[in-house]
>>> print(open('model29.pdb').read())   # PDB, C-alpha atoms, pLDDT in the B column
ATOM      1  CA  MET B   1       0.000   0.000   0.000  1.00 52.00           C
ATOM      2  CA  ARG B   2       2.828   2.421   0.834  1.00 58.00           C
ATOM      3  CA  ALA B   3       4.592   1.692  -2.467  1.00 60.00           C
ATOM      4  CA  ARG B   4       1.352   2.283  -4.316  1.00 64.00           C
ATOM      5  CA  ALA B   5       0.776   5.542  -2.467  1.00 62.00           C
ATOM      6  CA  LEU B   6       4.268   6.710  -3.487  1.00 66.00           C
ATOM      7  CA  PHE B   7       4.402   5.484  -7.069  1.00 74.00           C
ATOM      8  CA  ALA B   8       0.906   6.517  -8.157  1.00 74.00           C
ATOM      9  CA  PRO B   9       1.527  10.294  -7.758  1.00 75.00           C
ATOM     10  CA  LEU B  10       5.038   9.868  -9.200  1.00 80.00           C
ATOM     11  CA  ILE B  11       3.730   8.164 -12.342  1.00 85.00           C
ATOM     12  CA  VAL B  12       1.024  10.790 -12.785  1.00 83.00           C
ATOM     13  CA  GLY B  13       3.536  13.613 -12.329  1.00 81.00           C
ATOM     14  CA  VAL B  14       6.064  12.168 -14.787  1.00 85.00           C
ATOM     15  CA  SER B  15       3.320  11.504 -17.336  1.00 88.00           C
ATOM     16  CA  ALA B  16       2.074  15.088 -17.016  1.00 88.00           C
ATOM     17  CA  LEU B  17       5.614  16.432 -17.577  1.00 86.00           C
ATOM     18  CA  VAL B  18       6.100  14.240 -20.661  1.00 89.00           C
ATOM     19  CA  LEU B  19       2.777  15.395 -22.129  1.00 91.00           C
ATOM     20  CA  TRP B  20       3.688  18.994 -21.320  1.00 86.00           C
ATOM     21  CA  GLU B  21       7.033  18.641 -23.121  1.00 87.00           C
ATOM     22  CA  LEU B  22       5.411  17.048 -26.165  1.00 89.00           C
ATOM     23  CA  PHE B  23       2.690  19.666 -26.275  1.00 88.00           C
ATOM     24  CA  VAL B  24       5.216  22.527 -26.273  1.00 86.00           C
ATOM     25  CA  ARG B  25       7.554  20.921 -28.827  1.00 86.00           C
ATOM     26  CA  VAL B  26       4.989  19.511 -31.244  1.00 85.00           C
ATOM     27  CA  GLY B  27       2.684  22.502 -30.980  1.00 80.00           C
ATOM     28  CA  ARG B  28       5.613  24.930 -31.158  1.00 79.00           C
ATOM     29  CA  VAL B  29       4.265  26.929 -28.260  1.00 80.00           C
ATOM     30  CA  ALA B  30       6.120  30.204 -27.668  1.00 77.00           C
ATOM     31  CA  PRO B  31       8.224  30.313 -24.469  1.00 73.00           C
ATOM     32  CA  PHE B  32       6.395  33.398 -23.199  1.00 76.00           C
ATOM     33  CA  VAL B  33       3.148  31.408 -23.375  1.00 79.00           C
ATOM     34  CA  LEU B  34       4.423  28.165 -21.828  1.00 86.00           C
ATOM     35  CA  PRO B  35       8.082  27.108 -21.568  1.00 89.00           C
ATOM     36  CA  ALA B  36       8.984  23.436 -21.891  1.00 89.00           C
ATOM     37  CA  PRO B  37       9.794  21.487 -18.704  1.00 91.00           C
ATOM     38  CA  SER B  38      13.285  20.783 -20.088  1.00 91.00           C
ATOM     39  CA  ALA B  39      13.953  24.525 -20.425  1.00 91.00           C
ATOM     40  CA  ILE B  40      12.632  25.147 -16.908  1.00 92.00           C
ATOM     41  CA  ALA B  41      14.787  22.344 -15.517  1.00 93.00           C
ATOM     42  CA  LYS B  42      17.845  23.792 -17.256  1.00 94.00           C
ATOM     43  CA  GLU B  43      17.211  27.224 -15.749  1.00 94.00           C
ATOM     44  CA  PHE B  44      16.475  25.672 -12.358  1.00 94.00           C
ATOM     45  CA  THR B  45      19.858  23.931 -12.377  1.00 94.00           C
ATOM     46  CA  ARG B  46      21.625  27.076 -13.566  1.00 93.00           C
ATOM     47  CA  SER B  47      19.972  29.292 -10.949  1.00 92.00           C
ATOM     48  CA  PHE B  48      19.903  26.739  -8.139  1.00 94.00           C
ATOM     49  CA  ASP B  49      22.092  28.765  -5.769  1.00 94.00           C
ATOM     50  CA  VAL B  50      19.955  31.875  -6.257  1.00 94.00           C
ATOM     51  CA  ILE B  51      16.752  29.864  -5.803  1.00 95.00           C
ATOM     52  CA  VAL B  52      18.038  28.420  -2.534  1.00 95.00           C
ATOM     53  CA  ARG B  53      19.126  31.837  -1.257  1.00 95.00           C
ATOM     54  CA  THR B  54      15.889  33.606  -2.188  1.00 94.00           C
ATOM     55  CA  GLY B  55      13.860  30.629  -1.009  1.00 95.00           C
ATOM     56  CA  ALA B  56      15.533  30.883   2.391  1.00 95.00           C
ATOM     57  CA  ALA B  57      14.592  34.581   2.588  1.00 94.00           C
ATOM     58  CA  SER B  58      10.973  33.861   1.670  1.00 94.00           C
ATOM     59  CA  GLY B  59      10.949  30.840   3.977  1.00 95.00           C
ATOM     60  CA  LEU B  60      12.046  32.945   6.942  1.00 95.00           C
ATOM     61  CA  ASN B  61       9.147  35.331   6.291  1.00 94.00           C
ATOM     62  CA  VAL B  62       6.763  32.384   6.068  1.00 95.00           C
ATOM     63  CA  LEU B  63       8.073  30.791   9.264  1.00 96.00           C
ATOM     64  CA  THR B  64       7.893  34.025  11.246  1.00 96.00           C
ATOM     65  CA  GLY B  65       4.390  34.846  10.041  1.00 95.00           C
ATOM     66  CA  LEU B  66       3.231  31.261  10.490  1.00 96.00           C
ATOM     67  CA  VAL B  67       4.348  31.105  14.116  1.00 96.00           C
ATOM     68  CA  LEU B  68       2.919  34.531  14.941  1.00 96.00           C
ATOM     69  CA  GLY B  69      -0.401  33.913  13.188  1.00 94.00           C
ATOM     70  CA  THR B  70      -0.790  30.467  14.756  1.00 95.00           C
ATOM     71  CA  VAL B  71      -0.136  31.702  18.304  1.00 95.00           C
ATOM     72  CA  LEU B  72      -2.607  34.568  17.895  1.00 94.00           C
ATOM     73  CA  ALA B  73      -5.192  32.248  16.350  1.00 92.00           C
ATOM     74  CA  LEU B  74      -4.900  29.738  19.191  1.00 90.00           C
ATOM     75  CA  ALA B  75      -5.275  32.454  21.826  1.00 89.00           C
ATOM     76  CA  ALA B  76      -8.268  33.966  20.018  1.00 88.00           C
ATOM     77  CA  ALA B  77      -9.913  30.551  19.565  1.00 87.00           C
ATOM     78  CA  LEU B  78      -9.538  29.741  23.261  1.00 84.00           C
ATOM     79  CA  LEU B  79     -11.125  33.049  24.228  1.00 84.00           C
ATOM     80  CA  ALA B  80     -13.927  32.679  21.681  1.00 83.00           C
ATOM     81  CA  SER B  81     -14.719  29.159  22.875  1.00 79.00           C
ATOM     82  CA  ARG B  82     -14.669  30.254  26.522  1.00 74.00           C
ATOM     83  CA  PHE B  83     -17.082  33.169  26.073  1.00 72.00           C
ATOM     84  CA  GLY B  84     -20.110  32.349  23.956  1.00 66.00           C
ATOM     85  CA  LEU B  85     -20.933  35.911  22.883  1.00 63.00           C
ATOM     86  CA  LEU B  86     -17.371  36.534  21.761  1.00 66.00           C
ATOM     87  CA  GLY B  87     -17.440  33.347  19.700  1.00 63.00           C
ATOM     88  CA  GLU B  88     -20.690  34.276  17.994  1.00 69.00           C
ATOM     89  CA  VAL B  89     -19.376  37.724  17.094  1.00 71.00           C
ATOM     90  CA  SER B  90     -15.825  36.806  16.128  1.00 71.00           C
ATOM     91  CA  ALA B  91     -16.510  33.921  13.719  1.00 68.00           C
ATOM     92  CA  PRO B  92     -18.417  35.950  11.068  1.00 73.00           C
ATOM     93  CA  VAL B  93     -16.068  38.914  11.481  1.00 73.00           C
ATOM     94  CA  VAL B  94     -13.031  36.703  10.914  1.00 72.00           C
ATOM     95  CA  ALA B  95     -14.700  35.008   7.949  1.00 72.00           C
ATOM     96  CA  ALA B  96     -15.427  38.422   6.394  1.00 71.00           C
ATOM     97  CA  ALA B  97     -11.869  39.649   7.025  1.00 70.00           C
ATOM     98  CA  ASN B  98     -10.590  36.491   5.346  1.00 70.00           C
ATOM     99  CA  ALA B  99     -11.902  37.875   2.062  1.00 71.00           C
ATOM    100  CA  LEU B 100      -9.363  40.740   2.095  1.00 73.00           C
ATOM    101  CA  PRO B 101      -7.093  40.286  -0.957  1.00 74.00           C
ATOM    102  CA  ILE B 102      -3.331  40.140  -0.522  1.00 73.00           C
ATOM    103  CA  ILE B 103      -2.796  42.425  -3.515  1.00 73.00           C
ATOM    104  CA  ALA B 104      -4.699  45.166  -1.678  1.00 75.00           C
ATOM    105  CA  LEU B 105      -2.900  44.773   1.651  1.00 79.00           C
ATOM    106  CA  ALA B 106       0.671  44.364   0.398  1.00 80.00           C
ATOM    107  CA  PRO B 107       1.140  47.847  -1.142  1.00 80.00           C
ATOM    108  CA  ILE B 108      -0.485  49.522   1.870  1.00 82.00           C
ATOM    109  CA  LEU B 109       1.722  47.725   4.397  1.00 82.00           C
ATOM    110  CA  ASN B 110       4.837  48.286   2.277  1.00 79.00           C
ATOM    111  CA  ASN B 111       4.182  52.024   2.363  1.00 79.00           C
ATOM    112  CA  MET B 112       3.805  51.950   6.146  1.00 82.00           C
ATOM    113  CA  PHE B 113       7.331  50.615   6.727  1.00 81.00           C
ATOM    114  CA  GLU B 114      10.806  51.150   5.341  1.00 77.00           C
ATOM    115  CA  SER B 115      11.721  49.556   2.025  1.00 72.00           C
ATOM    116  CA  THR B 116      14.327  47.409   3.802  1.00 78.00           C
ATOM    117  CA  SER B 117      11.840  46.022   6.340  1.00 83.00           C
ATOM    118  CA  SER B 118      10.450  42.487   6.216  1.00 86.00           C
ATOM    119  CA  ILE B 119       7.636  43.343   8.640  1.00 88.00           C
ATOM    120  CA  PRO B 120       4.957  43.907   5.938  1.00 88.00           C
ATOM    121  CA  ARG B 121       5.461  40.476   4.381  1.00 90.00           C
ATOM    122  CA  ARG B 122       5.525  38.704   7.710  1.00 92.00           C
ATOM    123  CA  ALA B 123       2.434  40.598   8.839  1.00 91.00           C
ATOM    124  CA  ILE B 124       0.597  39.531   5.676  1.00 91.00           C
ATOM    125  CA  VAL B 125       1.579  35.905   6.237  1.00 93.00           C
ATOM    126  CA  ALA B 126       0.445  36.097   9.873  1.00 94.00           C
ATOM    127  CA  LEU B 127      -2.871  37.575   8.784  1.00 90.00           C
ATOM    128  CA  VAL B 128      -3.460  34.912   6.138  1.00 91.00           C
ATOM    129  CA  VAL B 129      -2.434  32.133   8.534  1.00 93.00           C
ATOM    130  CA  PHE B 130      -4.677  33.394  11.326  1.00 92.00           C
ATOM    131  CA  PHE B 131      -7.990  32.677   9.586  1.00 89.00           C
ATOM    132  CA  PRO B 132      -7.816  28.915   8.847  1.00 90.00           C
ATOM    133  CA  VAL B 133      -6.136  28.130  12.169  1.00 93.00           C
ATOM    134  CA  PHE B 134      -8.652  30.180  14.159  1.00 91.00           C
ATOM    135  CA  LEU B 135     -11.771  28.852  12.429  1.00 88.00           C
ATOM    136  CA  ASN B 136     -10.715  25.192  12.514  1.00 90.00           C
ATOM    137  CA  THR B 137      -9.464  25.344  16.098  1.00 90.00           C
ATOM    138  CA  LEU B 138     -12.613  27.095  17.273  1.00 87.00           C
ATOM    139  CA  ARG B 139     -14.708  24.378  15.674  1.00 85.00           C
ATOM    140  CA  GLY B 140     -12.663  21.700  17.424  1.00 85.00           C
ATOM    141  CA  LEU B 141     -12.890  23.430  20.783  1.00 82.00           C
ATOM    142  CA  ARG B 142     -16.666  23.604  20.487  1.00 78.00           C
ATOM    143  CA  GLU B 143     -17.152  19.947  19.576  1.00 76.00           C
ATOM    144  CA  VAL B 144     -16.764  18.448  23.035  1.00 67.00           C
ATOM    145  CA  ASP B 145     -18.363  15.129  23.940  1.00 61.00           C
ATOM    146  CA  PRO B 146     -21.075  15.782  26.583  1.00 57.00           C
ATOM    147  CA  THR B 147     -19.887  12.688  28.431  1.00 60.00           C
ATOM    148  CA  HIS B 148     -16.455  14.238  28.873  1.00 55.00           C
ATOM    149  CA  THR B 149     -18.044  17.447  30.107  1.00 57.00           C
ATOM    150  CA  GLU B 150     -20.106  15.588  32.696  1.00 53.00           C
ATOM    151  CA  LEU B 151     -17.059  13.618  33.824  1.00 55.00           C
ATOM    152  CA  MET B 152     -14.948  16.746  34.320  1.00 55.00           C
ATOM    153  CA  ASP B 153     -17.832  18.421  36.158  1.00 53.00           C
ATOM    154  CA  SER B 154     -18.051  15.436  38.482  1.00 55.00           C
ATOM    155  CA  TYR B 155     -14.392  15.957  39.339  1.00 53.00           C
ATOM    156  CA  ALA B 156     -15.043  19.694  39.907  1.00 56.00           C
ATOM    157  CA  ALA B 157     -12.401  20.523  37.307  1.00 61.00           C
ATOM    158  CA  GLY B 158     -11.722  24.198  36.683  1.00 60.00           C
ATOM    159  CA  PRO B 159     -11.635  25.918  33.273  1.00 61.00           C
ATOM    160  CA  TRP B 160      -7.879  25.492  32.867  1.00 61.00           C
ATOM    161  CA  ALA B 161      -7.986  21.769  33.697  1.00 63.00           C
ATOM    162  CA  PHE B 162     -10.974  21.288  31.388  1.00 64.00           C
ATOM    163  CA  ASN B 163      -9.177  22.984  28.509  1.00 64.00           C
ATOM    164  CA  ARG B 164      -5.930  21.095  29.100  1.00 63.00           C
ATOM    165  CA  LYS B 165      -7.502  17.657  29.556  1.00 65.00           C
ATOM    166  CA  VAL B 166     -10.489  17.754  27.197  1.00 64.00           C
ATOM    167  CA  ARG B 167     -10.790  20.720  24.869  1.00 70.00           C
ATOM    168  CA  LEU B 168      -7.231  21.034  23.585  1.00 74.00           C
ATOM    169  CA  PRO B 169      -6.575  17.298  22.951  1.00 73.00           C
ATOM    170  CA  GLY B 170      -9.957  16.987  21.224  1.00 74.00           C
ATOM    171  CA  ALA B 171      -9.281  20.036  19.072  1.00 80.00           C
ATOM    172  CA  LEU B 172      -5.845  18.883  17.875  1.00 85.00           C
ATOM    173  CA  PRO B 173      -7.103  17.203  14.656  1.00 87.00           C
ATOM    174  CA  PHE B 174      -9.034  20.366  13.766  1.00 89.00           C
ATOM    175  CA  PHE B 175      -6.046  22.548  14.630  1.00 92.00           C
ATOM    176  CA  PHE B 176      -3.713  20.580  12.363  1.00 93.00           C
ATOM    177  CA  THR B 177      -6.252  20.701   9.551  1.00 92.00           C
ATOM    178  CA  GLY B 178      -6.071  24.482   9.781  1.00 93.00           C
ATOM    179  CA  LEU B 179      -2.281  24.402  10.133  1.00 94.00           C
ATOM    180  CA  ARG B 180      -1.882  22.353   6.943  1.00 93.00           C
ATOM    181  CA  GLN B 181      -4.006  24.871   5.088  1.00 92.00           C
ATOM    182  CA  ALA B 182      -2.106  27.756   6.655  1.00 94.00           C
ATOM    183  CA  ALA B 183       1.292  26.289   5.721  1.00 94.00           C
ATOM    184  CA  SER B 184       0.474  26.371   2.013  1.00 91.00           C
ATOM    185  CA  LEU B 185      -1.389  29.672   2.155  1.00 92.00           C
ATOM    186  CA  GLY B 186       1.485  31.272   4.060  1.00 93.00           C
ATOM    187  CA  VAL B 187       3.938  30.504   1.255  1.00 94.00           C
ATOM    188  CA  ILE B 188       1.544  31.930  -1.339  1.00 92.00           C
ATOM    189  CA  ALA B 189       1.044  35.059   0.752  1.00 91.00           C
ATOM    190  CA  ALA B 190       4.781  35.580   1.241  1.00 92.00           C
ATOM    191  CA  VAL B 191       5.615  35.154  -2.456  1.00 92.00           C
ATOM    192  CA  VAL B 192       2.737  37.319  -3.700  1.00 90.00           C
ATOM    193  CA  SER B 193       3.505  40.083  -1.184  1.00 88.00           C
ATOM    194  CA  GLU B 194       7.016  40.280  -2.652  1.00 88.00           C
ATOM    195  CA  TYR B 195       5.556  41.430  -5.979  1.00 85.00           C
ATOM    196  CA  PHE B 196       4.798  44.877  -4.561  1.00 81.00           C
ATOM    197  CA  GLY B 197       8.153  46.383  -3.665  1.00 75.00           C
ATOM    198  CA  GLY B 198      10.219  46.181  -0.533  1.00 75.00           C
ATOM    199  CA  LEU B 199      13.282  43.990  -0.145  1.00 77.00           C
ATOM    200  CA  GLN B 200      14.264  42.274  -3.402  1.00 79.00           C
ATOM    201  CA  ASN B 201      15.597  39.163  -1.692  1.00 87.00           C
ATOM    202  CA  GLY B 202      12.739  36.685  -2.070  1.00 90.00           C
ATOM    203  CA  LEU B 203      11.306  34.350  -4.679  1.00 92.00           C
ATOM    204  CA  GLY B 204       8.456  36.686  -5.602  1.00 91.00           C
ATOM    205  CA  SER B 205      10.745  39.540  -6.584  1.00 90.00           C
ATOM    206  CA  ARG B 206      12.841  37.171  -8.723  1.00 92.00           C
ATOM    207  CA  ILE B 207       9.754  35.880 -10.511  1.00 93.00           C
ATOM    208  CA  THR B 208       8.628  39.387 -11.442  1.00 91.00           C
ATOM    209  CA  ALA B 209      12.169  40.444 -12.432  1.00 90.00           C
ATOM    210  CA  ALA B 210      12.641  37.428 -14.697  1.00 91.00           C
ATOM    211  CA  ALA B 211       9.205  37.858 -16.285  1.00 89.00           C
ATOM    212  CA  SER B 212       9.764  41.573 -16.916  1.00 88.00           C
ATOM    213  CA  ASN B 213      13.040  40.691 -18.675  1.00 89.00           C
ATOM    214  CA  THR B 214      11.208  38.069 -20.836  1.00 87.00           C
ATOM    215  CA  ALA B 215      13.279  35.307 -19.186  1.00 89.00           C
ATOM    216  CA  TYR B 216      10.225  33.100 -18.861  1.00 90.00           C
ATOM    217  CA  PRO B 217      11.940  29.743 -18.241  1.00 92.00           C
ATOM    218  CA  ARG B 218      13.865  31.414 -15.408  1.00 93.00           C
ATOM    219  CA  ALA B 219      10.644  32.838 -13.979  1.00 93.00           C
ATOM    220  CA  TRP B 220       9.112  29.362 -14.052  1.00 93.00           C
ATOM    221  CA  ALA B 221      12.233  27.991 -12.345  1.00 95.00           C
ATOM    222  CA  PHE B 222      11.607  30.354  -9.433  1.00 95.00           C
ATOM    223  CA  VAL B 223       7.944  29.287  -9.455  1.00 95.00           C
ATOM    224  CA  VAL B 224       9.143  25.692  -9.062  1.00 94.00           C
ATOM    225  CA  GLY B 225      11.254  26.883  -6.133  1.00 95.00           C
ATOM    226  CA  ALA B 226       8.155  28.442  -4.562  1.00 95.00           C
ATOM    227  CA  CYS B 227       6.259  25.165  -5.058  1.00 94.00           C
ATOM    228  CA  ALA B 228       9.090  23.260  -3.369  1.00 95.00           C
ATOM    229  CA  LEU B 229       8.969  25.722  -0.464  1.00 95.00           C
ATOM    230  CA  GLY B 230       5.227  25.193  -0.107  1.00 94.00           C
ATOM    231  CA  LEU B 231       5.664  21.407  -0.105  1.00 93.00           C
ATOM    232  CA  LEU B 232       8.372  21.743   2.546  1.00 95.00           C
ATOM    233  CA  PHE B 233       6.118  23.671   4.900  1.00 95.00           C
ATOM    234  CA  TYR B 234       3.191  21.331   4.214  1.00 94.00           C
ATOM    235  CA  ALA B 235       5.386  18.303   4.978  1.00 93.00           C
ATOM    236  CA  ALA B 236       6.555  19.976   8.193  1.00 94.00           C
ATOM    237  CA  ALA B 237       2.923  20.476   9.244  1.00 93.00           C
ATOM    238  CA  LEU B 238       2.191  16.799   8.514  1.00 91.00           C
ATOM    239  CA  LEU B 239       5.203  15.747  10.571  1.00 92.00           C
ATOM    240  CA  LEU B 240       4.118  17.884  13.502  1.00 91.00           C
ATOM    241  CA  GLU B 241       0.655  16.346  13.303  1.00 89.00           C
ATOM    242  CA  ARG B 242       2.068  12.816  13.369  1.00 88.00           C
ATOM    243  CA  LEU B 243       4.234  13.655  16.376  1.00 87.00           C
ATOM    244  CA  ALA B 244       1.435  15.403  18.287  1.00 83.00           C
ATOM    245  CA  THR B 245      -1.306  12.847  17.551  1.00 79.00           C
ATOM    246  CA  PRO B 246       0.325   9.392  17.750  1.00 76.00           C
ATOM    247  CA  TRP B 247      -3.032   7.787  18.573  1.00 68.00           C
ATOM    248  CA  LYS B 248      -4.232   8.495  15.032  1.00 64.00           C
ATOM    249  CA  ARG B 249      -1.499   6.246  13.595  1.00 59.00           C
ATOM    250  CA  THR B 250      -2.262   3.401  15.974  1.00 52.00           C
ATOM    251  CA  SER B 251      -6.003   3.618  15.348  1.00 51.00           C
ATOM    252  CA  SER B 252      -5.557   3.674  11.548  1.00 50.00           C
ATOM    253  CA  SER B 253      -3.146   0.732  11.627  1.00 49.00           C
TER     254      SER B 253
END
>>> encode(input="model29.pdb", output="structure tokens")
Amino acid sequence: MRARALFAPLIVGVSALVLWELFVRVGRVAPFVLPAPSAIAKEFTRSFDVIVRTGAASGLNVLTGLVLGTVLALAAALLASRFGLLGEVSAPVVAAANALPIIALAPILNNMFESTSSIPRRAIVALVVFFPVFLNTLRGLREVDPTHTELMDSYAAGPWAFNRKVRLPGALPFFFTGLRQAASLGVIAAVVSEYFGGLQNGLGSRITAAASNTAYPRAWAFVVGACALGLLFYAAALLLERLATPWKRTSSS
């Protein structure tokens, strides 16, 4: 089963790349429309050092914003689940704020800080991360088995003990669902926010620079680097989930 789970996506991915290459070569598609995978791979190899360096800069912004947004989301979810009125008010407000586009926030925040500051990008990542983590964690904190509530009441457990023993462990699967979403969204937010000025040390700025110079295979090579960065953060979120919820592995096996 594990070999099948590994080889099936690999075969599909390789087949898609082969079809892509054939489509570009046989159809004589212009590079500015769609470069061939071979051309992108060549540019990726040539620019590997730059991709790693700019990916590290973007990754640091993602990591900082991800940690900050997650901590704030957890604190807000605990408060919203503790006080019913706050939960009823905050959920729709957060859902509405989630509709704010990155392309509208990035220029505004860039103008609020110095051009050499990374704060705007990290703030955007934190903001984007906050929504899925908050909403999923709040849902998990609310879905408490009444039997567990009655048992903790019989022991005269206080709010802190109830949260630590019942609410938080029960909300972990919901929290990690939000964290997996946030890990991918955080990378997108960091890269897109780099399109609008500020420090030119990330993947987003290299994508726009290569595209403006009609170096389209190079731009796609940096896009591949951004995809690899997103997969790295998603894999890290999966690993954290496996470490924090070992009972899920034993129950599934």
>>> closest_residue(input="model29.pdb", among="B:Leu179, B:Leu105, B:Leu172, B:Ala215", to="Pro246 (chain B)", atoms="only C-alpha atoms")
B:Leu172
>>> resolve_selection(input="model29.pdb", expression="the PyMOL selection byres ((chain B and resi 187) around 8)", output="PyMOL selection string")
chain B and resi 58-59+62+125+183-186+188-191+226+229-230
>>> closest_residue(input="model29.pdb", among="B:Ile51, B:Val89, B:Leu68, B:Val129", to="Leu203 (chain B)", atoms="only C-alpha atoms")
B:Ile51
>>> residues_near_point(input="model29.pdb", point="(6.4, 35.4, 11.2)", cutoff="7 Å", atoms="all atoms listed in the file", output="list in words")
Asn61, Val62, Leu63, Thr64, Gly65, Leu66, Val67, Leu68, Arg122, Ala123, Val125 and Ala126 of chain B
>>> atom_distance(input="model29.pdb", atom1="CA of Phe196 (chain B)", atom2="CA of Val33 (chain B)")
23.2 Å
>>> resolve_selection(input="model29.pdb", expression="the PyMOL selection byres ((chain B and resi 9-25) around 8)", output="list in words")
Ala5, Leu6, Phe7, Ala8, Val26, Gly27, Arg28, Val29, Ala30, Leu34, Pro35, Ala36, Pro37 and Ser38 of chain B
>>> residues_near_point(input="model29.pdb", point="(-9.3, 33.2, 4.2)", cutoff="8 Å", atoms="all atoms listed in the file", output="PDB file with C-alpha atoms, in the coordinates of the input")
ATOM      1  CA  ALA B  95     -14.700  35.008   7.949  1.00 72.00           C
ATOM      2  CA  ALA B  97     -11.869  39.649   7.025  1.00 70.00           C
ATOM      3  CA  ASN B  98     -10.590  36.491   5.346  1.00 70.00           C
ATOM      4  CA  ALA B  99     -11.902  37.875   2.062  1.00 71.00           C
ATOM      5  CA  LEU B 100      -9.363  40.740   2.095  1.00 73.00           C
ATOM      6  CA  VAL B 128      -3.460  34.912   6.138  1.00 91.00           C
ATOM      7  CA  PHE B 131      -7.990  32.677   9.586  1.00 89.00           C
ATOM      8  CA  PRO B 132      -7.816  28.915   8.847  1.00 90.00           C
TER       9      PRO B 132
END
>>> decode(input="model29.pdb", residues="region 183-197 of chain B", atoms="N, CA and C atoms", output="PDB file, in the first residue's frame")
ATOM      1  N   ALA B 183      -0.075  26.463   6.188  1.00  0.00           N
ATOM      2  CA  ALA B 183       1.292  26.289   5.721  1.00  0.00           C
ATOM      3  C   ALA B 183       1.409  26.591   4.231  1.00  0.00           C
ATOM      4  N   SER B 184       0.454  26.105   3.449  1.00  0.00           N
ATOM      5  CA  SER B 184       0.474  26.371   2.013  1.00  0.00           C
ATOM      6  C   SER B 184       0.083  27.811   1.711  1.00  0.00           C
ATOM      7  N   LEU B 185      -0.945  28.296   2.386  1.00  0.00           N
ATOM      8  CA  LEU B 185      -1.389  29.672   2.155  1.00  0.00           C
ATOM      9  C   LEU B 185      -0.330  30.685   2.571  1.00  0.00           C
ATOM     10  N   GLY B 186       0.442  30.361   3.611  1.00  0.00           N
ATOM     11  CA  GLY B 186       1.485  31.272   4.060  1.00  0.00           C
ATOM     12  C   GLY B 186       2.566  31.469   3.013  1.00  0.00           C
ATOM     13  N   VAL B 187       2.935  30.391   2.317  1.00  0.00           N
ATOM     14  CA  VAL B 187       3.938  30.504   1.255  1.00  0.00           C
ATOM     15  C   VAL B 187       3.400  31.355   0.108  1.00  0.00           C
ATOM     16  N   ILE B 188       2.151  31.126  -0.273  1.00  0.00           N
ATOM     17  CA  ILE B 188       1.544  31.930  -1.339  1.00  0.00           C
ATOM     18  C   ILE B 188       1.522  33.401  -0.948  1.00  0.00           C
ATOM     19  N   ALA B 189       1.122  33.672   0.289  1.00  0.00           N
ATOM     20  CA  ALA B 189       1.044  35.059   0.752  1.00  0.00           C
ATOM     21  C   ALA B 189       2.414  35.725   0.744  1.00  0.00           C
ATOM     22  N   ALA B 190       3.439  35.003   1.197  1.00  0.00           N
ATOM     23  CA  ALA B 190       4.781  35.580   1.241  1.00  0.00           C
ATOM     24  C   ALA B 190       5.300  35.889  -0.153  1.00  0.00           C
ATOM     25  N   VAL B 191       5.109  34.960  -1.092  1.00  0.00           N
ATOM     26  CA  VAL B 191       5.615  35.154  -2.456  1.00  0.00           C
ATOM     27  C   VAL B 191       4.859  36.278  -3.155  1.00  0.00           C
ATOM     28  N   VAL B 192       3.537  36.289  -3.028  1.00  0.00           N
ATOM     29  CA  VAL B 192       2.737  37.319  -3.700  1.00  0.00           C
ATOM     30  C   VAL B 192       3.031  38.698  -3.115  1.00  0.00           C
ATOM     31  N   SER B 193       3.219  38.782  -1.805  1.00  0.00           N
ATOM     32  CA  SER B 193       3.505  40.083  -1.184  1.00  0.00           C
ATOM     33  C   SER B 193       4.824  40.664  -1.663  1.00  0.00           C
ATOM     34  N   GLU B 194       5.733  39.813  -2.149  1.00  0.00           N
ATOM     35  CA  GLU B 194       7.016  40.280  -2.652  1.00  0.00           C
ATOM     36  C   GLU B 194       6.910  40.910  -4.040  1.00  0.00           C
ATOM     37  N   TYR B 195       5.748  40.806  -4.667  1.00  0.00           N
ATOM     38  CA  TYR B 195       5.556  41.430  -5.979  1.00  0.00           C
ATOM     39  C   TYR B 195       5.448  42.949  -5.891  1.00  0.00           C
ATOM     40  N   PHE B 196       5.193  43.474  -4.682  1.00  0.00           N
ATOM     41  CA  PHE B 196       4.798  44.877  -4.561  1.00  0.00           C
ATOM     42  C   PHE B 196       5.853  45.714  -3.848  1.00  0.00           C
ATOM     43  N   GLY B 197       7.099  45.550  -4.221  1.00  0.00           N
ATOM     44  CA  GLY B 197       8.153  46.383  -3.665  1.00  0.00           C
ATOM     45  C   GLY B 197       8.751  45.802  -2.405  1.00  0.00           C
TER      46      GLY B 197
END
